[in-house]
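Data block below; observations after.
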Amino acid sequence: MAKATPTVTQADPRERAVLVGLCLGGAPRHETEASLSELAHLAEAAGAVVVGEVMQERQRPDAATLIGKGKAEEVARLADQAEAGLVLFDGELTPAQQRNLEKVAKVKTLDRTQLILDIFARRARTHEGRLQVELAQLGYLLPRLAGQGVMLSRLGGGIGTRGPGETKLETDRRRIRTRIAQVKREIERVRRGRHTQRGARQRAEVPQVALVGYTSAGKSTLFNTLTRAGAPVSSQLFMTLDPLARRTRLGDAGEVVVVDTVGFIQKLPHTLVAAFRATLEEVVEADLLLHVIDAAAEDLEAREAAVAAVLNEIGAGDVPRVAVLNKVDLVPVARREGLLAAHAGGVAVSALRQTGIEALHETIARRLELEPKRVRLGFDPAEGRAIAALYRVARVLGHEVEEGEVRIEALLPARWLTRYQGRMR
């Protein structure tokens, strides 16, 4: 099936792209169509305009061109008619397939992994983010240089050539391996710094809550609602690459640290997961995960499965998790109730409308055992550090000295009751 998109004007300065999807082995066609639609959003996020689509159904991929010689020629004709300079495949191409397809299409041909890496290169703002993207790009490039001397003259700019693409591709394998080692060392230094910061938070005994979820599920909007942080929010994919951590108070339940993280996606490249492992430690080390789910998404189950797969891959599959059904203002009441029934212990919210947030606060407090209990505690006046530690984890209501003992009345989170059991008065 080939489909042109004739509404794009010739004056549009963006790169013109044709998308190609492959439906294998009798897989449901709607799944391939949904993945191809997501590829279109990825292309737009990378700065391209989609001018045509092709979908091929096969029992197995073609070793030479993935989609078969005849369909590859059809793609070439469509690209020529639409004056497209880019063909994007919704899947990963082998180096040989990529070369063969470029010979047929005579235009730049990229796969889904290269496109996602390009978007990450565009979005990376901090030194750490750029390092992690570079590591992923070099890791993807290295096996594609094996004995080939890949034709790099085609890389004249545009999608697929950002980040290290413009400055480091024309190197041999030895130099790339050397650069990979250098980048890993730099990332390790950043990781140690992040570990130090996380250790300081843990010593202060403030629980950490990490937001995870599919890209564009509304994590950053929820992060801003919970913390009033003012983090950039956009409907574009992968707007958050660098983790943001902010303290916020849950009323009398005390403080938590909320961390916003990179969004996940179906077919997330393993090179990216590996490169961003230092960043994703914030997820692994969290006390609680808020899995933000776009309640209005048609492929909700597939997105949940993609998130679960990445969490398992990074070792966070067993971290306690709460389903946060976001954007419920966009769905009928019956669907909202059905989703809540399917997600035991979940919370329905609209981060944009700021509804359901109080219920979310209560759920976080309950799962972290932060419900405040009114207590009276006794300390020796010389126990200054112990008293200071109490002030960090509790809301102190009264502090007085009676009969040579410091007596403090406080609202103490339930999780600390055992620690202070011997001081109860």
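Going through the structure tokens in order, the chains are called A, B, and so on, while each chain numbers its residues from 1 and the ligands are numbered from 1 in the order shown.
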For Asp294 (chain A), find every residue with an atom within 7 Å (counting only C-alpha atoms), except residues of its own chain fewer than 5 positions away, and show them as a list in words.
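These residues fall inside the cut-off: Ala217, Leu325, Asn326 and Lys327 of chain A.
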Region 382-399 of chain A surroundings by only C-alpha atoms, 6 Å radius, close-in-sequence under 3 positions cut, as an NGL selection string
:A and (407-412)
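Among A:Leu211, A:Val324, A:Val107, A:Ala274, the residue with the shortest atom-to-atom distance to Val75 (chain A), counting only C-alpha atoms, is A:Val107.
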Leaving out Ala46 (chain A) and any residue of its chain fewer than 6 positions from it, which residues lie within 8 Å of it when counting only C-alpha atoms, given as a PyMOL selection string?
chain A and resi 115+118-119+122+159
Determine which residues of region 267-419 of chain A DSSP labels as strand (DSSP E) from the backbone of this structure, then write them out as a ChimeraX atom specification.
/A:288-294,321-326,347-348,372-379,395-402,405-413
Could you write out the selected residues, including C-alpha atoms, as an mmCIF file, in the first residue's frame?
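Writing done, so here's part-v2.cif:
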data_model
loop_
_atom_site.group_PDB
_atom_site.id
_atom_site.type_symbol
_atom_site.label_atom_id
_atom_site.label_comp_id
_atom_site.auth_asym_id
_atom_site.auth_seq_id
_atom_site.Cartn_x
_atom_site.Cartn_y
_atom_site.Cartn_z
ATOM 1 C CA LEU A 288 8.083 4.892 44.331
ATOM 2 C CA LEU A 289 7.372 5.162 40.610
ATOM 3 C CA LEU A 290 4.441 7.128 39.240
ATOM 4 C CA HIS A 291 3.663 5.494 35.893
ATOM 5 C CA VAL A 292 1.987 8.333 33.992
ATOM 6 C CA ILE A 293 -0.424 6.903 31.416
ATOM 7 C CA ASP A 294 -2.186 8.851 28.676
ATOM 8 C CA ARG A 321 4.567 1.573 41.159
ATOM 9 C CA VAL A 322 1.346 3.591 41.010
ATOM 10 C CA ALA A 323 -0.611 3.977 37.769
ATOM 11 C CA VAL A 324 -1.467 7.646 37.214
ATOM 12 C CA LEU A 325 -4.162 7.865 34.534
ATOM 13 C CA ASN A 326 -3.563 11.315 33.084
ATOM 14 C CA VAL A 347 -5.363 7.457 40.386
ATOM 15 C CA ALA A 348 -7.215 9.437 37.698
ATOM 16 C CA PRO A 372 1.253 11.792 59.773
ATOM 17 C CA LYS A 373 0.761 10.462 63.306
ATOM 18 C CA ARG A 374 0.654 12.840 66.280
ATOM 19 C CA VAL A 375 3.356 11.833 68.783
ATOM 20 C CA ARG A 376 5.177 13.127 71.863
ATOM 21 C CA LEU A 377 8.874 12.263 72.006
ATOM 22 C CA GLY A 378 11.597 12.722 74.604
ATOM 23 C CA PHE A 379 15.295 13.501 74.004
ATOM 24 C CA ARG A 395 6.358 18.633 61.362
ATOM 25 C CA VAL A 396 7.149 19.859 64.880
ATOM 26 C CA LEU A 397 4.143 21.281 66.739
ATOM 27 C CA GLY A 398 5.737 21.939 70.135
ATOM 28 C CA HIS A 399 9.249 21.967 71.646
ATOM 29 C CA GLU A 400 9.911 22.414 75.335
ATOM 30 C CA VAL A 401 12.280 21.360 78.081
ATOM 31 C CA GLU A 402 10.797 19.705 81.161
ATOM 32 C CA GLU A 405 14.374 16.448 78.983
ATOM 33 C CA VAL A 406 13.545 17.913 75.602
ATOM 34 C CA ARG A 407 9.946 17.027 74.827
ATOM 35 C CA ILE A 408 8.711 17.443 71.302
ATOM 36 C CA GLU A 409 5.197 17.102 69.967
ATOM 37 C CA ALA A 410 5.160 16.423 66.246
ATOM 38 C CA LEU A 411 3.303 15.022 63.257
ATOM 39 C CA LEU A 412 5.567 12.086 62.371
ATOM 40 C CA PRO A 413 5.193 10.097 59.119
#
Output as JSON, numbers by chain all residues of region 37-159 of chain A that backbone DSSP marks as helix (DSSP H, G or I).
{"A": [37, 38, 39, 40, 41, 42, 43, 44, 45, 69, 70, 71, 72, 73, 74, 75, 76, 77, 78, 79, 80, 81, 95, 96, 97, 98, 99, 100, 101, 102, 103, 104, 105, 112, 113, 114, 115, 116, 117, 118, 119, 120, 121, 122, 123, 127, 128, 129, 130, 131, 132, 133, 134, 135, 136, 137, 138, 139, 140, 141, 142, 143, 144, 145]}
Calculate how many Å separate CA of Leu19 (chain A) from CA of Leu135 (chain A), rounding to one decimal.
26.6 Å
Mind checking which residues fall within 9 Å of Lys71 (chain A), counting only C-alpha atoms, ignoring those fewer than 5 positions away in the same chain, and posting them as a list in words?
Val54, Gln56 and Ala76 of chain A
Considering only C-alpha atoms, state which residue in the set A:Lys267, A:Arg415, A:Lys219, A:Arg335 is at the smallest distance from Leu244 (chain A).
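When distances to Leu244 (chain A) are compared using only C-alpha atoms, the smallest one comes from A:Lys219.
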At what distance in Å, to one decimal, does CA of Leu352 (chain A) lie from CA of Thr221 (chain A)?
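One can read the CA of Thr221 (chain A) to CA of Leu352 (chain A) distance as 6.5 Å.
Using only C-alpha atoms for every distance, the candidate list A:Ala302, A:Ile314, A:Ala124, A:Leu141 yields A:Ala302 as the residue closest to Ser35 (chain A).
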What's the 12 Å shell around Arg29 (chain A), counting only C-alpha atoms, without same-chain residues fewer than 5 positions away, as a PyMOL selection string?
chain A and resi 1+21-24+34-36+55-58
Let me make sure I understand: among A:Leu117, A:Ile364, A:Leu330, A:Ile176, which one has the smallest atom-to-atom distance to Leu142 (chain A) if we use only C-alpha atoms?
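Closest candidate: A:Ile176.
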Between A:Val283, A:Leu417, A:Ala64, A:Leu300, which one has atoms that come closest to Val319 (chain A), using only C-alpha atoms?
A:Val283
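In this comparison, which uses only C-alpha atoms, the residue of A:Leu86, A:Thr65, A:Phe120, A:Arg77 approaching Leu101 (chain A) most closely is A:Thr65.
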Mind pulling up the distance from CA of Lys184 (chain A) to CA of Arg125 (chain A)?
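Straight-line distance from CA of Arg125 (chain A) to CA of Lys184 (chain A) works out to 18.2 Å.
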Near-Arg112 (chain A) list (6 Å; only C-alpha atoms; drop same-chain fewer than 4 positions) as a PyMOL selection string
chain A and resi 89-91
For the selection just defined, write its residues with N, CA and C atoms to a file, as a PDB file, in the first residue's frame.
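Dumped everything to out.pdb:
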ATOM      1  N   PHE A  89      12.327   4.163   7.605  1.00  0.00           N
ATOM      2  CA  PHE A  89      11.786   2.825   7.818  1.00  0.00           C
ATOM      3  C   PHE A  89      11.412   2.644   9.283  1.00  0.00           C
ATOM      4  N   ASP A  90      10.216   2.083   9.507  1.00  0.00           N
ATOM      5  CA  ASP A  90       9.740   1.853  10.867  1.00  0.00           C
ATOM      6  C   ASP A  90      10.257   0.515  11.372  1.00  0.00           C
ATOM      7  N   GLY A  91      11.528   0.476  11.666  1.00  0.00           N
ATOM      8  CA  GLY A  91      12.196  -0.741  12.110  1.00  0.00           C
ATOM      9  C   GLY A  91      13.675  -0.504  11.976  1.00  0.00           C
TER      10      GLY A  91
END
